[in-house]
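*Asks:* For reference, the file input03.pdb (PDB, C-alpha atoms) is included below:
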```
ATOM      1  CA  MET V   1      15.266  -4.311 -27.581
ATOM      2  CA  ASN V   2      14.072  -6.725 -24.893
ATOM      3  CA  VAL V   3      11.640  -5.846 -22.116
ATOM      4  CA  LEU V   4      11.514  -8.236 -19.154
ATOM      5  CA  VAL V   5       8.127  -8.643 -17.461
ATOM      6  CA  PRO V   6       8.755 -10.810 -14.361
ATOM      7  CA  GLN V   7       5.117 -10.974 -13.179
ATOM      8  CA  PRO V   8       1.799 -11.016 -15.069
ATOM      9  CA  ILE V   9       0.396  -7.619 -16.071
ATOM     10  CA  HIS V  10      -2.704  -6.488 -17.929
ATOM     11  CA  ALA V  11      -2.663  -7.503 -21.594
ATOM     12  CA  ASP V  12      -3.071  -3.884 -22.694
ATOM     13  CA  GLY V  13       0.342  -3.057 -21.214
ATOM     14  CA  ILE V  14       1.978  -5.882 -23.139
ATOM     15  CA  GLN V  15       0.281  -4.678 -26.305
ATOM     16  CA  VAL V  16       1.665  -1.147 -25.901
ATOM     17  CA  LEU V  17       5.186  -2.573 -25.832
ATOM     18  CA  LYS V  18       4.599  -4.813 -28.856
ATOM     19  CA  ASP V  19       2.947  -2.011 -30.834
ATOM     20  CA  HIS V  20       6.222  -0.099 -30.573
ATOM     21  CA  GLY V  21       8.321  -2.975 -31.848
ATOM     22  CA  LEU V  22       9.738  -4.094 -28.509
ATOM     23  CA  GLN V  23      10.466  -7.742 -27.763
ATOM     24  CA  VAL V  24       8.504  -8.695 -24.646
ATOM     25  CA  ILE V  25       9.836 -11.514 -22.488
ATOM     26  CA  GLU V  26       7.212 -12.626 -19.984
ATOM     27  CA  LEU V  27       8.974 -14.743 -17.371
ATOM     28  CA  GLU V  28       7.610 -17.971 -15.889
ATOM     29  CA  ASN V  29       8.278 -16.570 -12.421
ATOM     30  CA  ASP V  30      10.135 -13.682 -10.836
ATOM     31  CA  SER V  31      12.821 -15.699  -9.087
ATOM     32  CA  ARG V  32      16.394 -14.434  -9.065
ATOM     33  CA  GLU V  33      17.438 -17.364 -11.260
ATOM     34  CA  GLU V  34      14.756 -16.731 -13.874
ATOM     35  CA  ILE V  35      15.524 -13.009 -14.122
ATOM     36  CA  ASP V  36      19.269 -13.683 -14.381
ATOM     37  CA  LYS V  37      18.684 -15.778 -17.525
ATOM     38  CA  TYR V  38      17.633 -12.682 -19.454
ATOM     39  CA  MET V  39      19.179  -9.764 -17.584
ATOM     40  CA  GLU V  40      22.271  -9.394 -19.773
ATOM     41  CA  THR V  41      20.231  -8.597 -22.897
ATOM     42  CA  ALA V  42      17.428  -6.621 -21.213
ATOM     43  CA  THR V  43      16.879  -3.048 -22.321
ATOM     44  CA  ALA V  44      14.048  -2.497 -19.860
ATOM     45  CA  ILE V  45      12.223  -4.168 -16.988
ATOM     46  CA  LEU V  46       8.542  -3.649 -16.234
ATOM     47  CA  VAL V  47       8.342  -4.641 -12.585
ATOM     48  CA  ARG V  48       5.466  -5.111 -10.154
ATOM     49  CA  THR V  49       6.610  -6.386  -6.735
ATOM     50  CA  THR V  50       9.885  -8.062  -7.694
ATOM     51  CA  THR V  51      12.983  -7.049  -5.752
ATOM     52  CA  LEU V  52      15.775  -5.678  -7.943
ATOM     53  CA  ALA V  53      18.995  -5.398  -5.943
ATOM     54  CA  ALA V  54      22.301  -3.987  -7.134
ATOM     55  CA  GLU V  55      23.910  -7.408  -7.544
ATOM     56  CA  GLN V  56      21.126  -8.358  -9.956
ATOM     57  CA  LEU V  57      21.186  -5.073 -11.844
ATOM     58  CA  GLU V  58      24.949  -5.317 -12.385
ATOM     59  CA  ARG V  59      24.250  -8.045 -14.947
ATOM     60  CA  GLY V  60      22.109  -5.679 -17.015
ATOM     61  CA  LYS V  61      24.765  -4.212 -19.287
ATOM     62  CA  GLU V  62      22.123  -3.008 -21.772
ATOM     63  CA  LEU V  63      19.609  -1.908 -19.143
ATOM     64  CA  LYS V  64      18.264   1.605 -19.701
ATOM     65  CA  VAL V  65      15.001   1.822 -17.763
ATOM     66  CA  ILE V  66      13.019   0.167 -14.979
ATOM     67  CA  ALA V  67       9.313   0.999 -14.942
ATOM     68  CA  ARG V  68       7.425   0.297 -11.728
ATOM     69  CA  HIS V  69       3.870  -1.015 -12.094
ATOM     70  CA  GLY V  70       2.662   1.056  -9.130
ATOM     71  CA  ILE V  71       4.033   3.770  -6.884
ATOM     72  CA  GLY V  72       6.596   2.585  -4.331
ATOM     73  CA  LEU V  73      10.242   2.182  -5.333
ATOM     74  CA  ASP V  74      11.481   0.573  -2.114
ATOM     75  CA  LEU V  75      12.164  -2.808  -3.791
ATOM     76  CA  ILE V  76      14.442  -1.274  -6.447
ATOM     77  CA  ASP V  77      18.010  -0.206  -5.718
ATOM     78  CA  THR V  78      17.450   3.327  -7.000
ATOM     79  CA  LYS V  79      20.864   4.464  -5.797
ATOM     80  CA  TYR V  80      22.579   1.949  -8.060
ATOM     81  CA  CYS V  81      20.332   2.973 -10.950
ATOM     82  CA  GLU V  82      21.150   6.647 -10.468
ATOM     83  CA  GLN V  83      24.875   5.950 -10.371
ATOM     84  CA  ASN V  84      24.709   3.849 -13.537
ATOM     85  CA  GLY V  85      22.412   5.919 -15.708
ATOM     86  CA  ILE V  86      19.358   3.662 -15.446
ATOM     87  CA  THR V  87      16.087   5.575 -15.517
ATOM     88  CA  VAL V  88      13.559   4.545 -12.863
ATOM     89  CA  CYS V  89       9.949   5.575 -13.265
ATOM     90  CA  ASN V  90       6.598   4.664 -11.757
ATOM     91  CA  THR V  91       2.857   5.209 -12.254
ATOM     92  CA  PRO V  92       2.086   7.645  -9.442
ATOM     93  CA  ILE V  93      -1.611   8.196 -10.099
ATOM     94  CA  ALA V  94      -2.716   4.973 -11.816
ATOM     95  CA  ASN V  95      -3.826   3.190  -8.637
ATOM     96  CA  VAL V  96      -4.791   6.212  -6.513
ATOM     97  CA  ASN V  97      -8.549   5.760  -6.661
ATOM     98  CA  SER V  98      -8.393   1.998  -6.217
ATOM     99  CA  VAL V  99      -6.315   2.226  -3.031
ATOM    100  CA  ALA V 100      -8.355   5.160  -1.725
ATOM    101  CA  GLU V 101     -11.564   3.171  -2.197
ATOM    102  CA  HIS V 102     -10.001   0.183  -0.418
ATOM    103  CA  VAL V 103      -9.010   2.369   2.539
ATOM    104  CA  THR V 104     -12.491   3.890   2.686
ATOM    105  CA  GLY V 105     -13.967   0.388   2.550
ATOM    106  CA  PHE V 106     -11.704  -0.634   5.433
ATOM    107  CA  LEU V 107     -12.881   2.356   7.447
ATOM    108  CA  LEU V 108     -16.584   1.614   6.989
ATOM    109  CA  SER V 109     -16.078  -2.115   7.544
ATOM    110  CA  ILE V 110     -14.322  -1.766  10.888
ATOM    111  CA  ALA V 111     -16.645   1.008  12.060
ATOM    112  CA  HIS V 112     -19.761  -1.071  11.334
ATOM    113  CA  ARG V 113     -18.027  -4.342  12.323
ATOM    114  CA  ILE V 114     -19.079  -5.921   9.032
ATOM    115  CA  PRO V 115     -16.424  -8.690   8.819
ATOM    116  CA  GLU V 116     -17.102  -9.758  12.414
ATOM    117  CA  ALA V 117     -20.840  -9.939  11.752
ATOM    118  CA  GLU V 118     -20.352 -11.822   8.503
ATOM    119  CA  ARG V 119     -18.186 -14.457  10.183
ATOM    120  CA  ALA V 120     -20.583 -14.782  13.133
ATOM    121  CA  LEU V 121     -23.562 -15.254  10.828
ATOM    122  CA  ARG V 122     -21.758 -17.970   8.853
ATOM    123  CA  ARG V 123     -21.237 -19.756  12.182
ATOM    124  CA  GLY V 124     -24.985 -19.615  12.756
ATOM    125  CA  ASN V 125     -24.915 -16.814  15.315
ATOM    126  CA  TYR V 126     -27.745 -14.557  14.201
ATOM    127  CA  GLU V 127     -27.960 -13.013  17.670
ATOM    128  CA  SER V 128     -24.558 -11.415  17.068
ATOM    129  CA  ARG V 129     -26.635  -8.491  15.773
ATOM    130  CA  ASN V 130     -27.293  -7.564  19.393
ATOM    131  CA  VAL V 131     -23.645  -7.709  20.405
ATOM    132  CA  LEU V 132     -21.655  -6.366  17.456
ATOM    133  CA  ILE V 133     -22.708  -2.755  17.782
ATOM    134  CA  GLY V 134     -20.793  -0.509  15.408
ATOM    135  CA  LYS V 135     -20.533   3.244  15.114
ATOM    136  CA  GLU V 136     -21.231   5.804  12.426
ATOM    137  CA  VAL V 137     -18.270   7.595  10.920
ATOM    138  CA  LYS V 138     -20.135  10.853  10.413
ATOM    139  CA  GLY V 139     -18.585  13.528  12.586
ATOM    140  CA  LYS V 140     -15.687  11.293  13.609
ATOM    141  CA  THR V 141     -12.059  12.314  13.027
ATOM    142  CA  LEU V 142      -9.871  10.618  10.447
ATOM    143  CA  GLY V 143      -6.152  11.249  10.849
ATOM    144  CA  LEU V 144      -3.927  10.846   7.799
ATOM    145  CA  VAL V 145      -0.213  10.133   8.224
ATOM    146  CA  GLY V 146       1.129  11.554   4.965
ATOM    147  CA  PHE V 147      -0.803  13.610   2.436
ATOM    148  CA  GLY V 148       0.193  12.415  -1.020
ATOM    149  CA  ASN V 149      -2.133  11.536  -3.878
ATOM    150  CA  ILE V 150      -3.831   8.582  -2.210
ATOM    151  CA  ALA V 151      -4.299  10.353   1.115
ATOM    152  CA  GLN V 152      -5.764  13.343  -0.708
ATOM    153  CA  SER V 153      -8.281  11.078  -2.425
ATOM    154  CA  VAL V 154      -9.176   9.410   0.882
ATOM    155  CA  ALA V 155      -9.615  12.829   2.480
ATOM    156  CA  LYS V 156     -11.983  13.967  -0.251
ATOM    157  CA  LYS V 157     -14.108  10.815  -0.057
ATOM    158  CA  CYS V 158     -14.315  10.868   3.720
ATOM    159  CA  ALA V 159     -14.715  14.599   4.308
ATOM    160  CA  LEU V 160     -17.105  15.406   1.484
ATOM    161  CA  GLY V 161     -18.731  11.997   1.039
ATOM    162  CA  LEU V 162     -18.957  10.718   4.618
ATOM    163  CA  ASP V 163     -19.029  14.033   6.494
ATOM    164  CA  MET V 164     -15.968  13.198   8.593
ATOM    165  CA  ASN V 165     -13.488  15.570  10.183
ATOM    166  CA  VAL V 166     -10.128  15.043   8.477
ATOM    167  CA  ILE V 167      -6.739  16.042   9.847
ATOM    168  CA  ALA V 168      -3.383  15.315   8.215
ATOM    169  CA  TYR V 169       0.293  15.302   9.133
ATOM    170  CA  ASP V 170       2.831  15.748   6.352
ATOM    171  CA  PRO V 171       5.789  18.127   6.788
ATOM    172  CA  TYR V 172       6.468  17.972   3.035
ATOM    173  CA  ALA V 173       2.979  18.761   1.731
ATOM    174  CA  LYS V 174       2.576  22.343   0.567
ATOM    175  CA  GLU V 175      -1.173  22.662   0.178
ATOM    176  CA  PHE V 176      -4.176  21.372   2.076
ATOM    177  CA  PRO V 177      -7.804  21.799   0.955
ATOM    178  CA  GLU V 178     -10.196  23.671   3.198
ATOM    179  CA  TYR V 179     -11.832  20.437   4.380
ATOM    180  CA  VAL V 180      -8.516  19.087   5.766
ATOM    181  CA  GLU V 181      -6.845  20.492   8.876
ATOM    182  CA  GLN V 182      -3.056  20.380   8.783
ATOM    183  CA  VAL V 183      -1.438  19.388  12.073
ATOM    184  CA  LYS V 184       2.209  20.003  12.900
ATOM    185  CA  GLU V 185       2.972  16.963  15.061
ATOM    186  CA  LEU V 186       2.545  13.269  14.351
ATOM    187  CA  GLU V 187       1.414  12.719  17.922
ATOM    188  CA  THR V 188      -1.572  15.008  17.292
ATOM    189  CA  ILE V 189      -2.857  12.473  14.748
ATOM    190  CA  ALA V 190      -2.661   9.725  17.379
ATOM    191  CA  LYS V 191      -4.390  11.759  20.079
ATOM    192  CA  GLN V 192      -7.228  13.291  18.077
ATOM    193  CA  SER V 193      -8.231  10.564  15.601
ATOM    194  CA  GLU V 194     -10.824   7.828  15.892
ATOM    195  CA  PHE V 195      -9.364   6.383  12.696
ATOM    196  CA  VAL V 196      -5.705   6.655  11.638
ATOM    197  CA  SER V 197      -4.691   5.823   8.067
ATOM    198  CA  VAL V 198      -1.050   5.500   6.969
ATOM    199  CA  HIS V 199       0.016   7.054   3.633
ATOM    200  CA  VAL V 200       3.798   7.469   3.536
ATOM    201  CA  PRO V 201       6.472   5.611   1.513
ATOM    202  CA  LEU V 202       8.722   3.105   3.240
ATOM    203  CA  ASN V 203      12.259   4.387   3.694
ATOM    204  CA  ASP V 204      14.828   4.806   6.445
ATOM    205  CA  GLY V 205      12.913   7.755   7.860
ATOM    206  CA  THR V 206       9.530   6.031   8.012
ATOM    207  CA  LYS V 207      10.445   2.497   9.053
ATOM    208  CA  ASN V 208       8.543   1.727  12.285
ATOM    209  CA  LEU V 209       7.164   5.276  12.231
ATOM    210  CA  ILE V 210       3.983   3.999  13.878
ATOM    211  CA  ASP V 211       5.570   2.683  17.047
ATOM    212  CA  TYR V 212       4.848   1.939  20.708
ATOM    213  CA  HIS V 213       4.668   5.621  21.599
ATOM    214  CA  PHE V 214       2.208   6.333  18.797
ATOM    215  CA  PHE V 215      -0.125   3.545  19.900
ATOM    216  CA  GLN V 216       0.092   4.652  23.522
ATOM    217  CA  SER V 217      -1.096   8.087  22.403
ATOM    218  CA  MET V 218      -4.099   6.758  20.468
ATOM    219  CA  GLN V 219      -7.635   6.676  21.817
ATOM    220  CA  PRO V 220      -8.844   3.304  23.191
ATOM    221  CA  ALA V 221     -11.794   3.230  20.755
ATOM    222  CA  SER V 222      -9.673   4.089  17.700
ATOM    223  CA  TYR V 223      -8.522   2.008  14.741
ATOM    224  CA  LEU V 224      -5.388   1.862  12.612
ATOM    225  CA  ILE V 225      -5.556   1.422   8.823
ATOM    226  CA  ASN V 226      -2.475   0.625   6.747
ATOM    227  CA  ALA V 227      -2.598   0.118   2.981
ATOM    228  CA  ALA V 228       0.826   1.709   2.350
ATOM    229  CA  ARG V 229       3.790  -0.505   3.332
ATOM    230  CA  GLY V 230       4.087  -3.015   6.163
ATOM    231  CA  GLY V 231       7.398  -1.871   7.581
ATOM    232  CA  ILE V 232       5.988   1.548   8.444
ATOM    233  CA  VAL V 233       4.033   0.017  11.308
ATOM    234  CA  ASN V 234       5.873  -1.737  14.120
ATOM    235  CA  GLU V 235       3.823  -4.941  14.161
ATOM    236  CA  GLU V 236       4.918  -5.997  17.641
ATOM    237  CA  ALA V 237       3.741  -2.642  18.949
ATOM    238  CA  LEU V 238       0.456  -3.022  17.063
ATOM    239  CA  ILE V 239      -0.177  -6.472  18.546
ATOM    240  CA  GLU V 240       0.540  -5.175  22.028
ATOM    241  CA  ALA V 241      -1.767  -2.194  21.486
ATOM    242  CA  ILE V 242      -4.647  -4.474  20.491
ATOM    243  CA  ASP V 243      -3.958  -7.047  23.221
ATOM    244  CA  THR V 244      -3.934  -4.361  25.917
ATOM    245  CA  ASP V 245      -6.961  -2.488  24.516
ATOM    246  CA  GLN V 246      -4.914   0.599  23.744
ATOM    247  CA  ILE V 247      -6.764   0.614  20.413
ATOM    248  CA  ALA V 248      -9.965  -1.073  19.223
ATOM    249  CA  GLY V 249      -8.557  -2.845  16.181
ATOM    250  CA  ALA V 250      -6.910  -2.507  12.789
ATOM    251  CA  ALA V 251      -7.307  -3.033   9.053
ATOM    252  CA  LEU V 252      -4.164  -4.039   7.142
ATOM    253  CA  ASP V 253      -3.357  -4.615   3.482
ATOM    254  CA  CYS V 254       0.443  -4.881   3.841
ATOM    255  CA  TYR V 255       2.907  -6.533   6.165
ATOM    256  CA  ALA V 256       6.535  -6.385   7.267
ATOM    257  CA  GLU V 257       7.034  -9.838   5.731
ATOM    258  CA  GLU V 258       5.276 -10.691   2.490
ATOM    259  CA  PRO V 259       3.774 -13.089   1.660
ATOM    260  CA  MET V 260       2.221 -13.097   5.120
ATOM    261  CA  PRO V 261       3.593 -15.985   7.243
ATOM    262  CA  LEU V 262       1.127 -18.800   7.988
ATOM    263  CA  ASP V 263       1.582 -18.163  11.710
ATOM    264  CA  TYR V 264       0.986 -14.397  11.458
ATOM    265  CA  PRO V 265      -0.251 -13.459  14.971
ATOM    266  CA  LEU V 266      -3.153 -11.223  13.920
ATOM    267  CA  LYS V 267      -4.835 -13.812  11.665
ATOM    268  CA  ASP V 268      -7.164 -14.990  14.433
ATOM    269  CA  TYR V 269      -8.132 -11.566  15.783
ATOM    270  CA  GLU V 270     -11.816 -10.826  15.250
ATOM    271  CA  ASN V 271     -11.241  -7.063  15.409
ATOM    272  CA  VAL V 272      -8.593  -7.032  12.675
ATOM    273  CA  ILE V 273      -9.258  -7.039   8.914
ATOM    274  CA  LEU V 274      -6.515  -8.501   6.713
ATOM    275  CA  THR V 275      -6.247  -8.388   2.923
ATOM    276  CA  PRO V 276      -3.297  -9.688   0.833
ATOM    277  CA  HIS V 277      -1.748  -6.426  -0.418
ATOM    278  CA  MET V 278      -4.526  -6.066  -2.980
ATOM    279  CA  ALA V 279      -5.743  -2.495  -2.520
ATOM    280  CA  ALA V 280      -4.550  -1.566  -6.016
ATOM    281  CA  HIS V 281      -5.914  -4.740  -7.615
ATOM    282  CA  THR V 282      -8.963  -3.606  -9.520
ATOM    283  CA  GLU V 283      -9.420  -4.163 -13.237
ATOM    284  CA  ASP V 284      -9.263  -0.410 -13.799
ATOM    285  CA  SER V 285      -6.123   0.099 -11.768
ATOM    286  CA  MET V 286      -4.251  -2.932 -13.090
ATOM    287  CA  ARG V 287      -4.818  -1.762 -16.654
ATOM    288  CA  ALA V 288      -3.777   1.815 -15.864
ATOM    289  CA  MET V 289      -0.585   0.704 -14.108
ATOM    290  CA  ALA V 290       0.398  -1.702 -16.896
ATOM    291  CA  VAL V 291      -0.248   0.787 -19.682
ATOM    292  CA  GLY V 292       1.394   3.652 -17.781
ATOM    293  CA  ALA V 293       4.551   1.645 -17.068
ATOM    294  CA  ALA V 294       4.728   0.418 -20.663
ATOM    295  CA  GLU V 295       4.346   3.938 -22.040
ATOM    296  CA  ALA V 296       7.124   5.155 -19.730
ATOM    297  CA  ILE V 297       9.442   2.497 -21.144
ATOM    298  CA  VAL V 298       8.575   3.466 -24.722
ATOM    299  CA  GLN V 299       9.165   7.171 -24.028
ATOM    300  CA  THR V 300      12.532   6.422 -22.443
ATOM    301  CA  ILE V 301      14.113   4.101 -25.000
ATOM    302  CA  LYS V 302      12.534   5.052 -28.325
TER     303      LYS V 302
END
```
Do you think you could lay out the structure here as structure tokens?

*Replies:*
Amino acid sequence: MNVLVPQPIHADGIQVLKDHGLQVIELENDSREEIDKYMETATAILVRTTTLAAEQLERGKELKVIARHGIGLDLIDTKYCEQNGITVCNTPIANVNSVAEHVTGFLLSIAHRIPEAERALRRGNYESRNVLIGKEVKGKTLGLVGFGNIAQSVAKKCALGLDMNVIAYDPYAKEFPEYVEQVKELETIAKQSEFVSVHVPLNDGTKNLIDYHFFQSMQPASYLINAARGGIVNEEALIEAIDTDQIAGAALDCYAEEPMPLDYPLKDYENVILTPHMAAHTEDSMRAMAVGAAEAIVQTIK
């Protein structure tokens, strides 16, 4: 039984597959052409950020399971898989702490203007210390759009660790801890939060969820954080909001187009932090995602 691994994963995940007698095929790249070479004999695919569309999956006559190295399933045609008896699974908690720490790091960095100060100092501007005046997050309000596992971890770190007020909007969440205030309207998050962090999956219902109206409702001194999926935020609306001082800035780990285009408009903005979709990329998280996805494959086909 062959397991395709289109992109590099932690060696411990590969070892789990081999320990159970599975033939692991690590591809040179995750191009459509490379995957098509092996799709017909694949029993399983352990996928990171490779797109798997229906026209590709149709070639997988022996395909039984696709295991996602991470959480989101938006790059996999899950409807086709459901109709054709292909199990799709993910690792829903493996990268929770890593992403939550990244979001918390974003929050502190933009509040204290750390990246701006670091760049200014490298340019020789020591006197930037008298201009780049940040603000403490203690007592400030963090608004969470979505309240899944990662948002819950962010809430705990920020409410209990940083003494912030935390509010959250999620019509599907059933329980909220005592240190998180549930709000009933998305607009309430925009109006009441000094920091807004996005934590919903990308689907037809959430595409461009953070739009012109949302930004117009935000406070002028507030910041947007997105380490979920790029398409959730309308990037044209975000650029306009920053250009017109509707908000103070942003911190982004994901983008509507990935890899980020070389001419991405926000690259030169001092009040915007950009990272290359790496919030889950810690040694701990990468191992947990690889092992978790490999174990899911073993449980499904053995």

*Asks:* Please enumerate the residues selected by the PyMOL selection byres ((chain V and resi 38-55) around 7) when evaluated against the supplied file, formatted as JSON, numbers by chain.

*Replies:* {"V": [1, 2, 3, 4, 5, 6, 7, 30, 35, 36, 37, 56, 57, 58, 59, 60, 61, 62, 63, 64, 65, 66, 67, 68, 69, 70, 75, 76, 77, 80, 293, 297]}

*Asks:* If you measure from CA of Glu240 (chain V) to CA of Phe215 (chain V), what distance in Å do you get, rounded to one decimal?

*Replies:*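 Result for CA of Glu240 (chain V) versus CA of Phe215 (chain V): 9.0 Å, one decimal.
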
*Asks:* Could you list the residues chosen by the PyMOL selection byres ((chain V and resi 114) around 12) in this structure as a list in words?

*Replies:*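 Selected by the PyMOL selection byres ((chain V and resi 114) around 12) here: Gly105, Phe106, Leu107, Leu108, Ser109, Ile110, Ala111, His112, Arg113, Pro115, Glu116, Ala117, Glu118, Arg119, Ala120, Leu121, Ser128, Arg129, Leu132, Ile133, Gly134, Lys135, Glu270, Asn271, Val272 and Ile273 of chain V.
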
*Asks:* Would you put the residues from that selection into a file with C-alpha atoms, as a PDB file, in the frame of the given file?

*Replies:*
```pdb
ATOM      1  CA  GLY V 105     -13.967   0.388   2.550  1.00  0.00           C
ATOM      2  CA  PHE V 106     -11.704  -0.634   5.433  1.00  0.00           C
ATOM      3  CA  LEU V 107     -12.881   2.356   7.447  1.00  0.00           C
ATOM      4  CA  LEU V 108     -16.584   1.614   6.989  1.00  0.00           C
ATOM      5  CA  SER V 109     -16.078  -2.115   7.544  1.00  0.00           C
ATOM      6  CA  ILE V 110     -14.322  -1.766  10.888  1.00  0.00           C
ATOM      7  CA  ALA V 111     -16.645   1.008  12.060  1.00  0.00           C
ATOM      8  CA  HIS V 112     -19.761  -1.071  11.334  1.00  0.00           C
ATOM      9  CA  ARG V 113     -18.027  -4.342  12.323  1.00  0.00           C
ATOM     10  CA  PRO V 115     -16.424  -8.690   8.819  1.00  0.00           C
ATOM     11  CA  GLU V 116     -17.102  -9.758  12.414  1.00  0.00           C
ATOM     12  CA  ALA V 117     -20.840  -9.939  11.752  1.00  0.00           C
ATOM     13  CA  GLU V 118     -20.352 -11.822   8.503  1.00  0.00           C
ATOM     14  CA  ARG V 119     -18.186 -14.457  10.183  1.00  0.00           C
ATOM     15  CA  ALA V 120     -20.583 -14.782  13.133  1.00  0.00           C
ATOM     16  CA  LEU V 121     -23.562 -15.254  10.828  1.00  0.00           C
ATOM     17  CA  SER V 128     -24.558 -11.415  17.068  1.00  0.00           C
ATOM     18  CA  ARG V 129     -26.635  -8.491  15.773  1.00  0.00           C
ATOM     19  CA  LEU V 132     -21.655  -6.366  17.456  1.00  0.00           C
ATOM     20  CA  ILE V 133     -22.708  -2.755  17.782  1.00  0.00           C
ATOM     21  CA  GLY V 134     -20.793  -0.509  15.408  1.00  0.00           C
ATOM     22  CA  LYS V 135     -20.533   3.244  15.114  1.00  0.00           C
ATOM     23  CA  GLU V 270     -11.816 -10.826  15.250  1.00  0.00           C
ATOM     24  CA  ASN V 271     -11.241  -7.063  15.409  1.00  0.00           C
ATOM     25  CA  VAL V 272      -8.593  -7.032  12.675  1.00  0.00           C
ATOM     26  CA  ILE V 273      -9.258  -7.039   8.914  1.00  0.00           C
TER      27      ILE V 273
END
```

*Asks:* Just how far from CA of Met260 (chain V) is CA of Met218 (chain V), in Å to one decimal?

*Replies:* 25.9 Å

*Asks:* Check what the PyMOL selection byres ((chain V and resi 87) around 8) selects in the file above and give those residues as a compact mmCIF listing (two decimals) with C-alpha atoms, keeping the file's coordinate frame.

*Replies:*
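What landed in out_26.txt:
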```
# COMPACT_ATOMS: atom_id res chain seq x y z
CA LYS V 64 18.26 1.60 -19.70
CA VAL V 65 15.00 1.82 -17.76
CA ILE V 66 13.02 0.17 -14.98
CA CYS V 81 20.33 2.97 -10.95
CA GLU V 82 21.15 6.65 -10.47
CA GLY V 85 22.41 5.92 -15.71
CA ILE V 86 19.36 3.66 -15.45
CA VAL V 88 13.56 4.54 -12.86
CA CYS V 89 9.95 5.58 -13.26
CA THR V 300 12.53 6.42 -22.44
```

*Asks:* Rank V:Leu73, V:Ser217, V:Phe147, V:Pro8 by their smallest atom-to-atom distance to Tyr172 (chain V), using all atoms listed in the file, and report the top residue only.

*Replies:*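 The closest residue to Tyr172 (chain V) is V:Phe147.
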
*Asks:* Leaving out Gln182 (chain V) and any residue of its chain fewer than 4 positions from it, which residues lie within 9 Å of it when counting only C-alpha atoms, given as a PyMOL selection string?

*Replies:* chain V and resi 166-170+176

*Asks:* Would you pick out the contacts of Leu142 (chain V) at 9 Å or less, using all atoms listed in the file, so that residues sharing its chain but fewer than 6 positions from it are not included, and give the list as a list of chain:residue names?

*Replies:*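 The neighbour list is V:Ala155, V:Cys158, V:Ala159, V:Met164, V:Asn165, V:Val166, V:Ile167, V:Ala168, V:Ile189, V:Gln192, V:Ser193, V:Glu194, V:Phe195, V:Val196, V:Ser197.
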
*Asks:* Record the distance separating CA of Pro171 (chain V) and CA of Ile93 (chain V), expressed in Å with one decimal.

*Replies:*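 Distance between the two atoms: 20.9 Å.
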
*Asks:* Considering all atoms listed in the file, can you say which of V:Val233, V:Asn226, V:Ile301, V:Arg32 comes closest to Tyr212 (chain V)?

*Replies:*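 Distance minimum relative to Tyr212 (chain V) lands on V:Val233.
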
*Asks:* Find the residues near region 16-21 of chain V: any atom within 8 Å, counting only C-alpha atoms, skip ones fewer than 5 places away on the same chain, and give them as a list of chain:residue names.

*Replies:*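 Contacts, with the query itself left out: V:Val291, V:Ala294, V:Glu295, V:Val298.
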
*Asks:* Please write the residues from the selection above to a file, keeping C-alpha atoms, as a compact mmCIF listing (two decimals), keeping the file's coordinate frame.

*Replies:*
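As written to disk, result_26.txt reads:
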```txt
# COMPACT_ATOMS: atom_id res chain seq x y z
CA VAL V 291 -0.25 0.79 -19.68
CA ALA V 294 4.73 0.42 -20.66
CA GLU V 295 4.35 3.94 -22.04
CA VAL V 298 8.57 3.47 -24.72
```

*Asks:* Restricting the calculation to only C-alpha atoms, which member of V:Met289, V:Ile9, V:Ile242, V:Ala151 is positioned closest to Gln219 (chain V)?

*Replies:*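 Closest to Gln219 (chain V), using only C-alpha atoms: V:Ile242.
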
*Asks:* So which residues are close to (-24.9, 12.6, 3.4), meaning at most 12 Å away in the file's coordinates with all atoms listed in the file counted, and can you show them as a CSV table (one decimal) with C-alpha atoms, in the frame of the given file?

*Replies:*
```
chain,number,residue,atom,x,y,z
V,136,GLU,CA,-21.2,5.8,12.4
V,137,VAL,CA,-18.3,7.6,10.9
V,138,LYS,CA,-20.1,10.9,10.4
V,139,GLY,CA,-18.6,13.5,12.6
V,157,LYS,CA,-14.1,10.8,-0.1
V,158,CYS,CA,-14.3,10.9,3.7
V,159,ALA,CA,-14.7,14.6,4.3
V,160,LEU,CA,-17.1,15.4,1.5
V,161,GLY,CA,-18.7,12.0,1.0
V,162,LEU,CA,-19.0,10.7,4.6
V,163,ASP,CA,-19.0,14.0,6.5
V,164,MET,CA,-16.0,13.2,8.6
```

*Asks:* Point out the residue among V:Gly146, V:Pro276, V:Gly249, V:Gly205 with the least atom-to-atom distance to Ser222 (chain V), counting all atoms listed in the file.

*Replies:*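 Distance minimum relative to Ser222 (chain V) lands on V:Gly249.
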
*Asks:* Can you tell me, as AutoDock Vina command-line options, the centre and edge lengths (Å, one decimal) of the axis-aligned box enclosing all of region 177-182 of chain V's listed atoms after padding each side by 5 Å?

*Replies:*
```
--center_x -7.4 --center_y 21.4 --center_z 4.9 --size_x 18.8 --size_y 14.6 --size_z 17.9
```
